[in-house]
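Working notes, structure below.
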Amino acid sequence: MENKELNLQEKIPQTEYKKPNVFKRMWNFFFNMCRSNFLFALGAIIFTLWIIICFISPYIVPYDPLQQDMAIRFSAPSAAHWFGTDNLGRDIFSRVLAGSRISISAGVLTIILSATVGTIYGGISGFVGGVVDDVLMRLAELVISFPAIILAMTISVALGPSLYNTLLAIVIVTWPSYARVMRSMVITLRENEYVEAAKSLGASSARILFKEILPNSIGPILVLSTLDLGKNILTFATLSFLGLGSPPPTPEWGRMVSDGVKDFAYWWVSTFPGLAILTVALAANFMGDGVRDYMDPKLRKEI
Amino acid sequence: MENEKQVILSVRDMVKYFPIKGGLLGRTVGHVKAVDKVSFDLYEGETLGLVGESGCGKSTLGRSILEIIEPTSGTVQYRGKDVLHLKGKEKKEIKQKMQFIFQDPAASLNPRRTLEQILLEPFIIHKMLTPEERRKRVAELLEIVGLSSYYIHRYPHELSGGQKQRIGIARAIALNPDVIICDEPVSALDVSIQAQVINLLEDLQKELHLSYLFVAHDLSVVQHISDRVAVMYLGKIVEISDCDNIYSRAKHPYTISLLSAIPIADPEVEKERIILEGDVPSPANPPKGCRFHTRCFKCMDICKSEEPELIEQEPGHFIACHLYPKGEN
């Protein structure tokens with residue numbers, strides 16, 4: 001039966017076709033993105049720098065970020081203290097570097113958590129459908145109907161101000177948008193023939209949802225996550241500015257900005273942590289825009 | 001047809017209604033009667049062609065049998081076992097024996113998975129074989145459908161339509177099924193590729209003793225591949241018979257008009273075409289009596305009030321038409 005086919009095949013080189021591994025593919029994607037999109041490249045560079053700082057900050061800070069020295073409080077930026085010192089004489093440069101650990105990881109962590117929760121929730125809601133879908137989605141809309149920052153404040157105040165409660169509050173206010181995106185994706189994708197094919201093979205619902213539908217809906221979730229990264233870092237900074245977050249001596253950008261507000265004449269106290277927030281949020285948004293443009297074929301340029 | 005052949009799949013009174021939601025509260029205001037009380041038998045090793053125009057419920061029937069869409073009512077028996085009411089392990093076992101080939105090969109393969117992942121899927125779902133054996137079997141499957149193992153790590157979009165359909169076929173035969181429901185497996189392909197895929201299906205049938213329910217709207221393809229043919233109109237089977245019978249001695253007016261539409265590649269031949277008037281009535285509100293009476297060129301009074309039953313007029317030749325009342329012949 002395969003006679004004609006086999007003849008055709010002989011012309012095809014029979015070498016093993018190697019699929020590039022995941023890291024290689026990610027690197028290729030990243031490299032191509034940087035080449036075709038200047039802002040993405042800029043964002044990626046800034047963000048990578050901050051990530052590096054996160055990891056090495058304990059080894060490169062010139063002073064202990066918690067070390068107080070009342071003799072030199074509120075000293076202006078100088079060669080010894082690049083960003084000046086704050087109301088307790090702590091070195092602001094060291095504190096900005098050390099603060100990156102909490103502020104950036106807070107952003108990344110909340111994104112991962114809320115994307116995971118929202119994806120599973122929305123996936124189940126869209127997949128099961130019917131009454132379950134109605135109930136689950138009304139619950140999600142209940143959360144969305146409040147202004148995010150006020151709801152986050154209320155939740156973290158109610159739970160008591162601590163780092164984990166603040167993170168939890170951010171996750172609670174951000175997961176519904178993932179759930180909604182995921183639900184709409186699932187509703188479109190579940191009509192696909194490859195889902196029917198899995199069904200006719202006898203695959204369980206969970207297997208269909210996680211193996212067939214989820215990998216195909218990851219694009220929009222990825223775009224939303226990168227776009228939300230900057231927003232979450234800002235939300236966290238806002239909450240810590242308001243005093244919700246880790247207790248005082250821990251360096252946190254939002255709280256450092258709020259420290260400087262009381263003594264406005266010493267501009268450097270607020271400005272440098274503020275710039276840190278700005279650069280990270282901006283870098284994250286540039287990356288988010290880049291990924292979004294890539295996913296939208298109408299906006300996609302040659303890549 | 002009381003001959004030595006064994007019935008492998010027996011479908012009785014299959015019904016699939018799709019609810020029409022309407023109004024402010026989304027209440028059900030009606031039903032689209034896509035498949036309405038269809039019964040037929042599929043014999044071991046045969047190909048039953050199922051033809052009919054677009055929207056007559058052919059695909060829905062195929063999907064309902066495998067429960068890809070939940071049938072409203074009816075029974076499906078596989079070798080005497082009632083499939084629809086089985087649960088758990090027994091159901092999984094029977095699912096292995098009945099497989100589906102989809103119309104659109106591009107849509108039926110998950111674009112994010114490699115061919116190897118796609119073909120390993122049946123074994124993973126049914127927890128069969130060891131990983132090593134699975135891999136061997138996948139290579140074997142590729143060879144059976146005439147593809148090189150060179151393609152194994154590729155994604156579906158890197159293949160041509162015919163190659164994709166071969167993968168769809170490989171997936172369907174992976175678990176050694178007895179029954180395969182082919183839902184217009186070649187209508188999305190080029191004519192030259194169609195022939196190859198049909199030949200592949202025929203070869204597989206011989207080697208693996210498969211029974212096909214072959215859904216199609218291309219009458220020449222059906223004539224070529226089928227042993228028996230069932231003609232559907234608006235959710236009902238109007239005529240079933242041997243392939244030769246249908247193509248040479250069709251009885252039902254709908255079948256006759258359908259066959260007169262087959263083009264003949266010979267300009268000299270004068271053909272008498274029967275052109276039906278009007279459109280297919282809405283399956284949400286099918287005509288009273290015989291469903292075909294609004295367009296039938298031999299319509300009688302009785303057709304407008306009474307629905308004809310599917311009656312065996314000659315051995316193995318079932319017709320649902322008042323022109324051939326019970327007891328004739």
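Scheme for the structure tokens: letters A, B, ... for chains in order shown; per-chain residue numbers from 1; ligand numbers from 1 in order shown.
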Checklist entry - Using the chain letters and numbers from this document, which residues of range 105-295 of chain B does DSSP assign to alpha helix (DSSP H), as an NGL selection string? => result :B and (115-125 or 131-144 or 161-173 or 191-208 or 219-225 or 243-249 or 253-259)
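Here the strand (DSSP E) residues in range 75-173 of chain B, by DSSP on the backbone, are Thr75, Val76, Gln77, Tyr78, Lys81, Asp82, Met98, Gln99, Phe100 and Ile101 of chain B.
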Next on the checklist: Can you work out which residues from chain B touch chain A at a cut-off of 10 Å (counting only C-alpha atoms) and hand them back as an NGL selection string?
Outcome noted: :B and (63 or 66-69 or 91-114 or 118 or 121-126 or 143-155 or 168 or 171-172 or 175 or 196 or 199-200 or 202-204)
